[in-house]
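First comes the structure, then the notes that go with it.
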Amino acid sequence: MLIFWTITLFLLGAAKGKEVCYEDLGCFSDTEPWGGTAIRPLKILPWSPEKIGTCFLLYTNENPNNFQILLLSDPSTIEASNFQMDRKTRFIIHGFIDKGDESWVTDMCKQPGASPRA
């Protein structure tokens, strides 16, 4: 039975991939290395930012304990925030399962002078 599933997964991986495009983000494919491999056997395209509810949580020196929500779809949220283009900006990207409001993200934002990991 294991051989059957292994062959099935590899045959599915050999099929022509699908692609989805989102304005402002670009296009995503379900082909290698993102799908159809032994590590990622399922070929699943990413959901739209609207379905996921993508937003950016901004912490600055002016608001170190409370984030400001920035929406790519609404530039006025950026204009009304404490974001300043002349300051160094770092992005902390959480994993697939976590959310941006987890305590470890907040703790990283509060680290004075912390440099990003390479």
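Letters A, B, ... go to the chains of the structure tokens in the order shown; residues in each chain start at 1; ligands are counted from 1 in the same order.
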Next on the checklist: Which residues are close to region 103-106 of chain A, i.e. within 8 Å by only C-alpha atoms, leaving aside same-chain residues fewer than 6 positions away? Reply as a VMD selection string.
Outcome noted: chain A and resid 65 92 94
Write the selection just made, keeping C-alpha atoms, as a PDB file, in the first residue's frame?
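After the write, out.pdb holds the following:
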ATOM      1  CA  ASN A  65       3.910  48.321  23.644  1.00  0.00           C
ATOM      2  CA  ILE A  92       9.602  39.924  11.712  1.00  0.00           C
ATOM      3  CA  HIS A  94       6.098  34.553  11.916  1.00  0.00           C
TER       4      HIS A  94
END
Checklist entry - Could you name the residues that touch Thr77 (chain A) at 12 Å or less, counting only C-alpha atoms, but leaving out those on the same chain fewer than 5 positions away, as a list in words? => result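 Using only C-alpha atoms, the neighbours found are Cys55, Phe56, Leu57, Leu58, Gln68, Ile69, Leu70, Leu71, Leu72, Asn82 and Phe83 of chain A.
The smallest atom-to-atom distance between Asp107 (chain A) and any of A:Pro33, A:Gly53, A:Pro64, A:Pro46, using only C-alpha atoms, is found for A:Pro64.
If you look at CA of Glu62 (chain A) and CA of Gln84 (chain A), they are 11.0 Å away from each other.
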Item to check | Asp24 (chain A) surroundings by only C-alpha atoms, 12 Å radius, close-in-sequence under 5 positions cut, as a PyMOL selection string | outcome: chain A and resi 48-49+72-73
Item to check | Counting only C-alpha atoms, the option among A:Cys109, A:Tyr59, A:Phe28, A:Glu19 closest to Ser81 (chain A) | outcome: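 Of A:Cys109, A:Tyr59, A:Phe28, A:Glu19, the one nearest Ser81 (chain A), counting only C-alpha atoms, is A:Tyr59.
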Next on the checklist: Among region 13-56 of chain A, which residues does DSSP mark as alpha helix (DSSP H) when it is run on the backbone? Keep the chain and numbering as in the structure and answer as a list in words.
Outcome noted: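 Here is the list: Gly13, Ala14, Pro49, Glu50, Lys51 and Ile52 of chain A.
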Restricting the output to C-alpha atoms, write the selected residues as a PDB file, in the first residue's frame.
ATOM      1  CA  GLY A  13       3.831  15.947  -8.637  1.00  0.00           C
ATOM      2  CA  ALA A  14       4.788  15.311 -12.255  1.00  0.00           C
ATOM      3  CA  PRO A  49      -4.398  38.006   1.293  1.00  0.00           C
ATOM      4  CA  GLU A  50      -8.078  38.931   1.780  1.00  0.00           C
ATOM      5  CA  LYS A  51      -8.966  35.393   2.823  1.00  0.00           C
ATOM      6  CA  ILE A  52      -5.981  35.196   5.159  1.00  0.00           C
TER       7      ILE A  52
END
